[in-house]
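For reference, target00.cif (mmCIF, C-alpha atoms):
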data_upload
#
loop_
_atom_site.label_atom_id
_atom_site.label_comp_id
_atom_site.auth_asym_id
_atom_site.auth_seq_id
_atom_site.Cartn_x
_atom_site.Cartn_y
_atom_site.Cartn_z
CA MET P 3 0.00 0.00 0.00
CA LYS P 4 1.12 3.55 -0.78
CA PHE P 5 0.47 6.63 1.38
CA LEU P 6 -0.11 10.25 0.41
CA ALA P 7 -0.29 13.38 2.55
CA ILE P 8 -2.78 15.85 1.08
CA THR P 9 -3.79 19.45 1.73
CA LEU P 10 -6.57 21.61 0.29
CA ILE P 11 -4.82 24.65 1.85
CA VAL P 12 -7.83 25.59 3.95
CA HIS P 13 -7.34 29.08 5.38
CA ARG P 14 -9.54 29.69 8.39
CA PRO P 15 -8.90 30.30 12.09
CA ASP P 16 -7.50 27.44 14.12
CA PRO P 17 -10.55 25.58 15.48
CA LEU P 18 -9.21 25.72 19.06
CA THR P 19 -7.18 28.93 19.38
CA GLY P 20 -9.11 31.07 16.90
CA VAL P 21 -5.84 32.34 15.46
CA LEU P 22 -5.80 32.97 11.69
CA LYS P 23 -2.33 32.66 10.16
CA SER P 24 -1.29 35.10 7.47
CA THR P 25 -1.56 33.92 3.88
CA GLN P 26 2.22 33.77 3.59
CA ASP P 27 2.56 31.76 6.81
CA ARG P 28 -0.11 29.33 5.61
CA PHE P 29 1.79 28.73 2.36
CA ARG P 30 5.02 28.30 4.35
CA GLU P 31 3.22 25.68 6.45
CA VAL P 32 2.28 23.77 3.30
CA LEU P 33 5.91 23.72 2.16
CA ASP P 34 7.07 22.58 5.61
CA ASN P 35 4.47 19.80 5.61
CA ALA P 36 5.64 18.61 2.18
CA LEU P 37 9.23 18.44 3.43
CA LEU P 38 8.05 16.57 6.52
CA ALA P 39 6.11 14.10 4.39
CA GLU P 40 9.22 13.32 2.36
CA GLU P 41 11.36 13.08 5.50
CA LEU P 42 8.96 10.60 7.10
CA GLY P 43 8.74 8.38 4.01
CA PHE P 44 5.35 9.22 2.51
CA ASP P 45 4.99 8.13 -1.12
CA GLY P 46 3.23 11.27 -2.34
CA PHE P 47 2.16 14.80 -1.43
CA GLY P 48 -1.03 16.28 -2.85
CA VAL P 49 -2.32 19.84 -3.23
CA GLY P 50 -5.97 20.54 -3.97
CA GLU P 51 -7.50 23.09 -6.32
CA ARG P 52 -10.28 25.35 -5.13
CA HIS P 53 -11.30 28.80 -6.31
CA GLU P 54 -13.38 30.03 -3.39
CA ARG P 55 -13.24 30.93 0.29
CA PRO P 56 -11.69 29.61 2.56
CA PHE P 57 -9.11 27.92 0.30
CA LEU P 58 -5.73 29.18 -0.93
CA SER P 59 -5.28 26.39 -3.46
CA SER P 60 -6.25 28.21 -6.65
CA SER P 61 -2.79 27.63 -8.22
CA PRO P 62 -1.69 24.06 -7.44
CA THR P 63 0.88 24.03 -10.25
CA VAL P 64 2.73 26.95 -8.66
CA VAL P 65 2.69 25.35 -5.20
CA LEU P 66 3.72 21.93 -6.52
CA SER P 67 6.52 23.47 -8.59
CA HIS P 68 7.95 25.03 -5.46
CA ILE P 69 7.62 21.72 -3.62
CA ALA P 70 9.33 19.98 -6.54
CA ALA P 71 12.33 22.29 -6.09
CA LEU P 72 12.53 21.52 -2.37
CA THR P 73 12.14 17.73 -2.57
CA ARG P 74 13.85 14.89 -4.40
CA ARG P 75 11.86 11.67 -4.05
CA ILE P 76 8.21 12.15 -3.17
CA ARG P 77 5.60 12.03 -5.96
CA LEU P 78 3.48 15.15 -6.45
CA PHE P 79 -0.30 14.87 -6.76
CA THR P 80 -3.12 17.26 -7.60
CA ALA P 81 -6.17 16.74 -5.43
CA VAL P 82 -8.05 17.51 -7.57
CA THR P 83 -7.37 19.36 -10.83
CA THR P 84 -10.76 20.90 -11.64
CA LEU P 85 -10.81 20.34 -15.39
CA SER P 86 -14.46 21.38 -15.62
CA LEU P 87 -13.30 24.95 -14.89
CA LEU P 88 -10.08 25.01 -16.93
CA ASP P 89 -9.04 25.38 -20.54
CA PRO P 90 -7.43 21.98 -21.23
CA VAL P 91 -4.72 23.50 -23.43
CA ARG P 92 -3.60 25.89 -20.70
CA ALA P 93 -3.87 23.15 -18.08
CA TYR P 94 -1.70 20.90 -20.22
CA GLU P 95 0.97 23.59 -20.59
CA ASP P 96 1.14 24.12 -16.83
CA TYR P 97 1.27 20.45 -15.94
CA ALA P 98 3.69 19.43 -18.69
CA THR P 99 6.04 22.14 -17.40
CA LEU P 100 5.64 20.86 -13.83
CA ASP P 101 6.25 17.33 -15.10
CA HIS P 102 9.68 18.38 -16.40
CA LEU P 103 10.58 20.52 -13.38
CA SER P 104 9.79 17.62 -11.02
CA GLY P 105 11.70 15.04 -13.07
CA GLY P 106 8.55 13.09 -13.87
CA ARG P 107 7.19 12.90 -10.32
CA LEU P 108 3.73 14.19 -11.26
CA ASP P 109 0.42 12.34 -10.84
CA LEU P 110 -2.88 14.05 -11.61
CA ILE P 111 -6.17 13.49 -9.85
CA ILE P 112 -8.85 15.22 -11.90
CA GLY P 113 -12.47 16.04 -11.15
CA LYS P 114 -15.23 18.52 -11.78
CA GLY P 115 -14.67 20.23 -8.40
CA ASN P 116 -17.19 21.39 -5.82
CA GLY P 117 -18.64 24.70 -4.79
CA ALA P 118 -21.18 27.10 -6.25
CA ALA P 119 -18.92 30.14 -5.86
CA GLN P 120 -16.18 28.77 -8.11
CA ARG P 121 -18.75 27.61 -10.68
CA GLU P 122 -20.10 31.17 -10.82
CA LEU P 123 -16.58 32.58 -11.02
CA PHE P 124 -15.88 30.53 -14.15
CA GLN P 125 -19.46 30.67 -15.48
CA VAL P 126 -19.95 26.92 -15.30
CA THR P 127 -23.44 25.60 -14.59
CA PRO P 128 -24.53 22.46 -12.73
CA GLU P 129 -26.08 21.31 -16.00
CA ASP P 130 -22.90 21.50 -18.11
CA GLN P 131 -20.13 20.82 -15.56
CA TRP P 132 -19.96 17.09 -16.30
CA GLU P 133 -19.78 17.63 -20.06
CA ARG P 134 -17.07 20.24 -19.52
CA ASN P 135 -15.10 17.87 -17.34
CA ALA P 136 -15.29 15.04 -19.87
CA GLU P 137 -14.45 17.26 -22.86
CA SER P 138 -11.53 18.92 -21.08
CA TYR P 139 -10.10 15.56 -20.07
CA GLU P 140 -10.44 14.12 -23.58
CA VAL P 141 -8.58 17.10 -25.07
CA PHE P 142 -5.98 17.13 -22.28
CA ARG P 143 -5.39 13.41 -22.80
CA GLN P 144 -4.94 13.78 -26.55
CA ILE P 145 -2.47 16.65 -26.18
CA TRP P 146 -0.38 14.70 -23.70
CA ARG P 147 -0.13 11.73 -26.07
CA ASN P 148 0.09 13.36 -29.50
CA ASP P 149 2.41 15.95 -31.00
CA ARG P 150 -0.44 17.40 -33.08
CA VAL P 151 -4.10 17.45 -32.09
CA THR P 152 -7.35 18.07 -33.94
CA ALA P 153 -10.44 18.24 -31.74
CA ALA P 154 -13.98 19.49 -32.31
CA THR P 155 -14.85 21.08 -28.98
CA ARG P 156 -17.95 22.70 -27.54
CA PHE P 157 -16.56 24.69 -24.61
CA ARG P 158 -13.39 26.16 -26.15
CA PRO P 159 -12.21 27.01 -29.70
CA GLU P 160 -11.63 23.93 -31.85
CA LEU P 161 -8.12 22.59 -32.33
CA LYS P 162 -6.89 22.01 -35.88
CA ASP P 163 -3.56 20.22 -36.21
CA ALA P 164 -2.45 22.13 -33.11
CA GLU P 165 0.97 21.82 -31.47
CA VAL P 166 1.21 22.49 -27.73
CA TRP P 167 4.52 22.93 -25.92
CA PRO P 168 6.45 21.77 -24.01
CA ARG P 169 6.10 18.12 -24.86
CA PRO P 170 5.84 16.16 -21.58
CA TYR P 171 8.50 14.24 -19.69
CA GLN P 172 6.29 11.27 -18.77
CA ARG P 173 4.66 9.50 -21.70
CA PRO P 174 1.97 9.46 -20.50
CA VAL P 175 1.32 10.99 -17.10
CA ARG P 176 -0.84 8.90 -14.78
CA VAL P 177 -4.30 10.42 -14.33
CA TRP P 178 -6.61 9.39 -11.49
CA HIS P 179 -10.27 10.39 -11.42
CA GLY P 180 -11.50 11.86 -8.17
CA SER P 181 -14.98 10.73 -7.19
CA ALA P 182 -17.17 11.71 -4.26
CA THR P 183 -20.76 10.88 -5.13
CA SER P 184 -21.18 10.80 -8.90
CA LYS P 185 -21.27 7.94 -11.35
CA GLU P 186 -20.14 10.30 -14.12
CA SER P 187 -16.59 10.48 -12.76
CA VAL P 188 -16.55 6.75 -12.17
CA ASP P 189 -17.68 5.98 -15.69
CA LEU P 190 -15.13 8.36 -17.24
CA ALA P 191 -12.33 6.66 -15.31
CA ALA P 192 -13.50 3.19 -16.32
CA ARG P 193 -13.92 4.18 -19.97
CA TYR P 194 -10.27 5.20 -20.30
CA GLY P 195 -8.88 2.48 -18.03
CA ASP P 196 -7.69 5.07 -15.49
CA PRO P 197 -7.37 4.63 -11.70
CA LEU P 198 -10.06 5.96 -9.38
CA PHE P 199 -9.55 7.98 -6.20
CA SER P 200 -12.55 7.90 -3.89
CA ALA P 201 -13.02 10.94 -1.63
CA ASN P 202 -14.21 8.68 1.21
CA VAL P 203 -14.33 11.61 3.64
CA THR P 204 -17.79 13.07 4.29
CA HIS P 205 -20.00 10.01 4.69
CA PRO P 206 -19.81 6.48 6.09
CA MET P 207 -18.23 3.82 3.93
CA GLU P 208 -21.33 2.46 2.14
CA PRO P 209 -21.93 5.08 -0.62
CA TYR P 210 -18.24 5.09 -1.54
CA ALA P 211 -18.13 1.29 -1.65
CA GLU P 212 -21.18 1.31 -3.93
CA LEU P 213 -19.51 3.73 -6.36
CA ILE P 214 -16.34 1.64 -6.42
CA ARG P 215 -18.37 -1.49 -7.19
CA HIS P 216 -19.94 0.44 -10.06
CA TYR P 217 -16.46 1.46 -11.23
CA ARG P 218 -15.34 -2.17 -11.32
CA GLU P 219 -18.46 -3.15 -13.26
CA ARG P 220 -17.93 -0.38 -15.81
CA TRP P 221 -14.22 -1.24 -16.03
CA GLU P 222 -15.07 -4.75 -17.19
CA HIS P 223 -17.87 -3.40 -19.42
CA TYR P 224 -15.25 -1.38 -21.32
CA GLY P 225 -13.11 -4.48 -21.75
CA HIS P 226 -10.26 -3.78 -19.33
CA ASP P 227 -8.39 -6.44 -17.36
CA PRO P 228 -9.99 -6.74 -13.87
CA ALA P 229 -6.54 -7.35 -12.38
CA ALA P 230 -5.49 -3.83 -13.42
CA VAL P 231 -8.20 -2.00 -11.45
CA THR P 232 -6.62 0.58 -9.13
CA VAL P 233 -8.42 2.44 -6.35
CA GLY P 234 -7.23 5.10 -3.92
CA ALA P 235 -9.23 6.36 -0.96
CA GLY P 236 -9.18 9.30 1.41
CA SER P 237 -9.49 9.55 5.17
CA ALA P 238 -11.42 12.07 7.25
CA GLY P 239 -8.80 12.76 9.91
CA LEU P 240 -5.70 11.37 11.58
CA LEU P 241 -4.47 11.03 15.14
CA VAL P 242 -2.34 8.06 16.11
CA THR P 243 -1.46 7.74 19.80
CA ARG P 244 -0.32 4.92 22.03
CA THR P 245 -3.82 4.26 23.39
CA SER P 246 -7.37 4.80 22.20
CA GLN P 247 -8.18 6.70 25.41
CA GLU P 248 -5.44 9.23 24.72
CA ALA P 249 -6.58 9.65 21.10
CA LEU P 250 -10.18 10.37 22.13
CA ALA P 251 -9.13 12.82 24.83
CA VAL P 252 -6.82 14.76 22.50
CA TYR P 253 -9.14 14.79 19.48
CA ARG P 254 -12.39 15.61 21.32
CA PRO P 255 -11.93 19.40 21.45
CA VAL P 256 -10.93 19.41 17.77
CA PHE P 257 -14.03 17.43 16.82
CA GLU P 258 -16.34 19.62 18.94
CA ALA P 259 -14.91 22.81 17.46
CA ASN P 260 -15.35 21.48 13.92
CA LEU P 261 -18.90 20.36 14.75
CA ALA P 262 -19.76 23.83 16.05
CA PHE P 263 -18.35 25.36 12.85
CA GLN P 264 -20.44 23.02 10.66
CA ARG P 265 -23.59 24.02 12.52
CA GLN P 266 -22.70 27.71 12.46
CA VAL P 267 -22.32 27.83 8.67
CA GLY P 268 -25.23 25.48 7.99
CA LEU P 269 -23.30 22.45 6.76
CA PRO P 270 -25.04 19.09 7.12
CA VAL P 271 -23.89 17.16 10.19
CA VAL P 272 -23.28 13.48 9.43
CA PHE P 273 -21.53 12.45 12.66
CA ASP P 274 -22.76 14.28 15.76
CA THR P 275 -20.54 12.61 18.36
CA LEU P 276 -16.84 11.89 18.41
CA GLU P 277 -17.51 8.22 19.11
CA ASP P 278 -19.72 7.96 16.02
CA PHE P 279 -17.12 9.83 13.96
CA VAL P 280 -14.35 7.46 15.04
CA THR P 281 -16.50 4.38 14.46
CA ARG P 282 -18.36 5.10 11.21
CA SER P 283 -16.26 7.66 9.35
CA SER P 284 -12.96 7.03 7.60
CA ALA P 285 -11.09 9.02 10.25
CA LEU P 286 -8.05 7.18 11.61
CA ILE P 287 -8.09 8.03 15.30
CA GLY P 288 -6.74 5.61 17.89
CA SER P 289 -3.85 3.32 18.67
CA PRO P 290 -1.63 1.89 15.91
CA GLN P 291 -3.46 -1.45 16.01
CA GLN P 292 -6.86 0.25 15.82
CA ILE P 293 -5.71 2.18 12.75
CA ILE P 294 -4.38 -0.99 11.09
CA ASP P 295 -7.64 -2.83 11.77
CA LYS P 296 -9.75 0.04 10.41
CA VAL P 297 -7.76 0.38 7.18
CA HIS P 298 -8.15 -3.38 6.67
CA ARG P 299 -11.90 -3.10 7.25
CA TYR P 300 -12.14 -0.39 4.59
CA HIS P 301 -9.86 -2.32 2.25
CA GLU P 302 -12.22 -5.31 2.40
CA GLN P 303 -14.98 -3.12 0.92
CA LEU P 304 -13.05 -0.66 -1.26
CA GLY P 305 -10.06 -2.73 -2.39
CA HIS P 306 -7.90 0.40 -2.30
CA THR P 307 -4.11 0.22 -2.53
CA VAL P 308 -3.41 3.94 -1.99
CA LEU P 309 -4.53 5.91 1.07
CA HIS P 310 -4.39 9.65 1.65
CA LEU P 311 -3.94 11.27 5.05
CA HIS P 312 -4.26 14.89 6.11
CA ALA P 313 -1.02 16.81 5.73
CA ASP P 314 -2.33 19.63 7.96
CA ALA P 315 -2.51 19.63 11.75
CA GLY P 316 -6.18 20.67 11.55
CA GLY P 317 -6.48 21.85 15.17
CA LEU P 318 -3.77 19.65 16.67
CA THR P 319 -0.59 21.29 17.86
CA ASP P 320 2.31 21.03 15.42
CA SER P 321 4.21 18.74 17.78
CA ARG P 322 1.21 16.48 18.31
CA HIS P 323 0.60 16.31 14.55
CA ARG P 324 4.22 15.39 13.88
CA ASP P 325 4.17 12.75 16.63
CA SER P 326 1.05 11.26 15.03
CA LEU P 327 2.60 11.14 11.56
CA GLU P 328 5.81 9.63 12.93
CA LEU P 329 3.87 6.95 14.82
CA PHE P 330 1.85 6.20 11.71
CA GLN P 331 4.99 5.76 9.61
CA SER P 332 6.86 3.73 12.22
CA GLU P 333 4.13 1.36 13.43
CA VAL P 334 1.15 1.52 11.07
CA ALA P 335 2.52 1.99 7.55
CA PRO P 336 5.04 -0.91 7.66
CA VAL P 337 2.29 -3.37 8.57
CA LEU P 338 -0.11 -2.09 5.91
CA ARG P 339 2.64 -2.03 3.27
CA LYS P 340 3.27 -5.69 4.01
CA GLU P 341 -0.35 -6.84 4.24
CA ILE P 342 -2.05 -4.76 1.50
CA PRO P 343 -0.62 -4.83 -2.06
CA ASP P 344 0.75 -1.84 -3.94
CA PRO P 345 -0.98 -0.51 -7.08
CA PRO P 346 -0.35 -2.71 -10.15
CA PHE P 347 2.03 -0.24 -11.79
CA ALA P 348 5.47 1.25 -11.21
CA TRP P 349 5.51 4.21 -8.84
CA ALA P 350 8.61 5.72 -10.45
CA PRO P 351 8.52 8.16 -13.39
CA VAL P 352 8.16 6.74 -16.89
CA ARG P 353 10.97 7.49 -19.33
CA PRO P 354 9.85 9.58 -22.32
CA ALA P 355 11.31 7.41 -25.04
CA THR P 356 11.07 3.82 -23.81
CA GLY P 357 7.94 3.86 -21.66
CA GLU P 358 9.92 1.93 -19.07
CA PRO P 359 10.05 2.91 -15.38
CA ALA P 360 12.91 5.24 -14.51
CA HIS P 361 14.42 4.83 -11.07
CA ALA P 362 15.20 8.03 -9.23
#
Could you express the structure from this file as structure tokens?
Amino acid sequence: MKFLAITLIVHRPDPLTGVLKSTQDRFREVLDNALLAEELGFDGFGVGERHERPFLSSSPTVVLSHIAALTRRIRLFTAVTTLSLLDPVRAYEDYATLDHLSGGRLDLIIGKGNGAAQRELFQVTPEDQWERNAESYEVFRQIWRNDRVTAATRFRPELKDAEVWPRPYQRPVRVWHGSATSKESVDLAARYGDPLFSANVTHPMEPYAELIRHYRERWEHYGHDPAAVTVGAGSAGLLVTRTSQEALAVYRPVFEANLAFQRQVGLPVVFDTLEDFVTRSSALIGSPQQIIDKVHRYHEQLGHTVLHLHADAGGLTDSRHRDSLELFQSEVAPVLRKEIPDPPFAWAPVRPATGEPAHA
């Protein structure tokens, strides 16, 4: 199993202290967390893309390029690239450049994105967002694979024998499809034989497991080898401590502050007690053995071979967050790496000319 640390670069006051970091300090924190993830042995670091309050992740290519310059080994993920909002030609140019600057360490997770404010900002409607996402991905995919592209498009000017530069380092880049609740994303992933990354954050396991079962069915419908199915999944929170009692005591004020915030802004409350959150959500809160057992329980239903964890402290102190990540990597990750298989493809970059894995 592989492990990613992911941030959406949420920028709001600390749920316990009420302190709001400056924008520059928040970006510095993201860079520090990426360096920590590489130091501790995470396999990837992901940066989201949102174009609305309270997120600072409107330019993931810029952030990931800076992280690429600071790191040497860790793979760089988008989480997610909102292709429904973007011109696929411009998106390709940005990501092909990042692909070179990172030495082929780029993975993309694409999706339509969430949020009414960013839809309005880009004049995308709920009715056309799925068609935009599919069209943008089809064009993006063609450009990455072909030196010249002709494409009849609905949402941007048509391409006629177009050349787009630079040509990429990886041939091709690996593209995952992020999915929260929709069968459209699942079907698009299955159609192209691409891996799926389930959000697996807001709700209990069942709706995500149902979508993944649908993905596997559509995968076979499109004629792909069932052995090549690849699924990643998120988690709703992380706190690893020596005992479950300590984990509950430390995380309770964080949970209660987040619950109060959800109610204040009118967000739907799915888990109204910490005990229910720990039991029925994907949050990994408890002792190392409890975390191992829970990941196995989710793996039985989802079949995922990649797991993402929160890169941000999210209300924990920095020292507590680091202790939790260190304990995860020292006592949880080695067991899960041994007991749950890796994805069925090389994790290293792919050489441009040969298509063979390149070892860093």
Hits from the PyMOL selection byres ((chain P and resi 123-129) around 9), listed as an NGL selection string: :P and (53-54 or 86-88 or 118-122 or 130-134)
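For the structure shown here, the set of residues caught by the PyMOL selection byres ((chain P and resi 147) around 12) is Tyr94, Ala98, Glu140, Val141, Phe142, Arg143, Gln144, Ile145, Trp146, Asn148, Asp149, Arg150, Val151, Glu165, Val166, Arg169, Pro170, Tyr171, Gln172, Arg173, Pro174, Val175, Arg176 and Pro354 of chain P.
When the PyMOL selection byres ((chain P and resi 111) around 6) is run on the displayed coordinates, the residues it returns are Thr80, Ala81, Val82, Leu110, Ile112, Val177, Trp178, His179 and Gly180 of chain P.
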Selection above as a file: C-alpha atoms, as a CSV table (one decimal), in the coordinates of the input:
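Saved as part_16.csv:
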chain,number,residue,atom,x,y,z
P,80,THR,CA,-3.1,17.3,-7.6
P,81,ALA,CA,-6.2,16.7,-5.4
P,82,VAL,CA,-8.0,17.5,-7.6
P,110,LEU,CA,-2.9,14.0,-11.6
P,112,ILE,CA,-8.8,15.2,-11.9
P,177,VAL,CA,-4.3,10.4,-14.3
P,178,TRP,CA,-6.6,9.4,-11.5
P,179,HIS,CA,-10.3,10.4,-11.4
P,180,GLY,CA,-11.5,11.9,-8.2
Exercise: range 197-203 of chain P partners within 9 Å, all atoms listed in the file, chain neighbours under 6 positions left out, as JSON, numbers by chain: {"P": [111, 176, 177, 178, 179, 180, 181, 182, 183, 187, 188, 191, 209, 210, 211, 213, 214, 217, 230, 231, 232, 233, 234, 235, 236, 237, 238, 239, 283, 284, 285, 304, 306, 308]}
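Nearest to Asp109 in chain P of all the residues P:Leu58, P:Gly48, P:Arg322, P:Phe157 is P:Gly48, based on only C-alpha atoms.
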Contacts of range 61-66 of chain P within 7 Å, only C-alpha atoms, excl. fewer than 3 positions in-chain, as a PyMOL selection string: chain P and resi 49-51+69-70+78+80+96-97+100
Generate a file of the selected residues that holds C-alpha atoms, formatted as a PDB file, in the frame of the given file.
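Heads up, here's the output in result.pdb:
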ATOM      1  CA  VAL P  49      -2.320  19.840  -3.230  1.00  0.00           C
ATOM      2  CA  GLY P  50      -5.970  20.540  -3.970  1.00  0.00           C
ATOM      3  CA  GLU P  51      -7.500  23.090  -6.320  1.00  0.00           C
ATOM      4  CA  ILE P  69       7.620  21.720  -3.620  1.00  0.00           C
ATOM      5  CA  ALA P  70       9.330  19.980  -6.540  1.00  0.00           C
ATOM      6  CA  LEU P  78       3.480  15.150  -6.450  1.00  0.00           C
ATOM      7  CA  THR P  80      -3.120  17.260  -7.600  1.00  0.00           C
ATOM      8  CA  ASP P  96       1.140  24.120 -16.830  1.00  0.00           C
ATOM      9  CA  TYR P  97       1.270  20.450 -15.940  1.00  0.00           C
ATOM     10  CA  LEU P 100       5.640  20.860 -13.830  1.00  0.00           C
TER      11      LEU P 100
END
Between CA of Gly115 in chain P and CA of Thr83 in chain P - distance in Å to one decimal: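 CA of Thr83 in chain P sits 7.7 Å away from CA of Gly115 in chain P.
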Gap from CA of His298 in chain P to CA of Arg339 in chain P - Å, one decimal: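 So the answer is 11.4 Å.
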Point-to-point distance in Å for CA of Phe57 in chain P and CA of Glu41 in chain P: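 Between these atoms lies a distance of 25.8 Å.
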Selected residue, from P:Pro17, P:Lys114, P:Pro336, P:Glu219, that lies nearest to Arg254 in chain P when counting only C-alpha atoms: P:Pro17
Range 227-329 of chain P near range 34-39 of chain P within 9 Å: what's each residue's closest atom pair and its distance in Å to one decimal, counting only C-alpha atoms, ordered by chain then ascending residue number, as CSV?
residue,atom,partner,partner_atom,distance
P:Ala313,CA,P:Asn35,CA,6.3
P:Asp314,CA,P:Asn35,CA,7.2
P:Arg324,CA,P:Leu38,CA,8.4
P:Leu327,CA,P:Ala39,CA,8.5
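Taking all atoms listed in the file into account, Gln303 in chain P lies nearest to P:Arg215 out of the set P:Arg28, P:Lys340, P:Arg215, P:Arg282.
When only C-alpha atoms are used to compute distances to Val12 in chain P, the closest of the residues P:Glu277, P:Asp344, P:Asp189, P:Glu31 turns out to be P:Glu31.
Between Glu208 in chain P and the residues P:His312, P:Glu302, P:Glu40, P:Ala262, the shortest atom-to-atom distance, using all atoms listed in the file, involves P:Glu302.
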All residues 10 Å or closer to Phe273 in chain P, all atoms listed in the file, same chain fewer than 3 positions away omitted, as a ChimeraX atom specification: /P:204-206,257,261,270,276-283
Proximity to Arg14 in chain P - best of P:Asp163, P:Phe263, P:Glu186, P:Ala229, only C-alpha atoms: P:Phe263
Within 8 Å of Ala192 in chain P using all atoms listed in the file, minus same-chain residues under 6 positions, as a PyMOL selection string: chain P and resi 217-218+220-221+224
Missing atoms in range 48-54 of chain P: can you complete it with all heavy atoms, as an mmCIF file, keeping the file's coordinate frame?
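Ended up saving to result.cif:
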data_model
loop_
_atom_site.group_PDB
_atom_site.id
_atom_site.type_symbol
_atom_site.label_atom_id
_atom_site.label_comp_id
_atom_site.auth_asym_id
_atom_site.auth_seq_id
_atom_site.Cartn_x
_atom_site.Cartn_y
_atom_site.Cartn_z
ATOM 1 N N GLY P 48 -0.006 15.740 -1.967
ATOM 2 C CA GLY P 48 -1.030 16.280 -2.850
ATOM 3 C C GLY P 48 -1.492 17.664 -2.447
ATOM 4 O O GLY P 48 -1.586 17.987 -1.258
ATOM 5 N N VAL P 49 -1.785 18.496 -3.448
ATOM 6 C CA VAL P 49 -2.320 19.840 -3.230
ATOM 7 C C VAL P 49 -3.624 19.959 -4.010
ATOM 8 O O VAL P 49 -3.682 19.625 -5.202
ATOM 9 C CB VAL P 49 -1.326 20.922 -3.700
ATOM 10 C CG1 VAL P 49 -1.953 22.311 -3.610
ATOM 11 C CG2 VAL P 49 -0.052 20.862 -2.858
ATOM 12 N N GLY P 50 -4.670 20.419 -3.342
ATOM 13 C CA GLY P 50 -5.970 20.540 -3.970
ATOM 14 C C GLY P 50 -6.056 21.739 -4.907
ATOM 15 O O GLY P 50 -5.098 22.499 -5.079
ATOM 16 N N GLU P 51 -7.215 21.900 -5.520
ATOM 17 C CA GLU P 51 -7.500 23.090 -6.320
ATOM 18 C C GLU P 51 -8.906 23.564 -6.010
ATOM 19 O O GLU P 51 -9.890 22.875 -6.302
ATOM 20 C CB GLU P 51 -7.379 22.810 -7.820
ATOM 21 C CG GLU P 51 -7.657 24.052 -8.665
ATOM 22 C CD GLU P 51 -7.593 23.799 -10.160
ATOM 23 O OE1 GLU P 51 -6.948 22.825 -10.566
ATOM 24 O OE2 GLU P 51 -8.197 24.586 -10.920
ATOM 25 N N ARG P 52 -9.002 24.715 -5.406
ATOM 26 C CA ARG P 52 -10.280 25.350 -5.130
ATOM 27 C C ARG P 52 -10.169 26.825 -5.471
ATOM 28 O O ARG P 52 -9.103 27.419 -5.331
ATOM 29 C CB ARG P 52 -10.668 25.200 -3.649
ATOM 30 C CG ARG P 52 -10.898 23.754 -3.188
ATOM 31 C CD ARG P 52 -12.172 23.179 -3.751
ATOM 32 N NE ARG P 52 -12.425 21.828 -3.272
ATOM 33 C CZ ARG P 52 -13.129 21.510 -2.187
ATOM 34 N NH1 ARG P 52 -13.647 22.473 -1.444
ATOM 35 N NH2 ARG P 52 -13.313 20.256 -1.848
ATOM 36 N N HIS P 53 -11.279 27.396 -5.891
ATOM 37 C CA HIS P 53 -11.300 28.800 -6.310
ATOM 38 C C HIS P 53 -12.352 29.568 -5.526
ATOM 39 O O HIS P 53 -13.118 30.355 -6.096
ATOM 40 C CB HIS P 53 -11.570 28.897 -7.815
ATOM 41 C CG HIS P 53 -10.548 28.205 -8.669
ATOM 42 N ND1 HIS P 53 -9.429 28.843 -9.155
ATOM 43 C CD2 HIS P 53 -10.463 26.917 -9.093
ATOM 44 C CE1 HIS P 53 -8.700 27.985 -9.868
ATOM 45 N NE2 HIS P 53 -9.316 26.815 -9.846
ATOM 46 N N GLU P 54 -12.388 29.360 -4.220
ATOM 47 C CA GLU P 54 -13.380 30.030 -3.390
ATOM 48 C C GLU P 54 -12.916 30.017 -1.937
ATOM 49 O O GLU P 54 -12.034 29.250 -1.554
ATOM 50 C CB GLU P 54 -14.747 29.347 -3.517
ATOM 51 C CG GLU P 54 -14.746 27.869 -3.129
ATOM 52 C CD GLU P 54 -16.060 27.196 -3.434
ATOM 53 O OE1 GLU P 54 -17.090 27.877 -3.476
ATOM 54 O OE2 GLU P 54 -16.058 25.973 -3.637
#
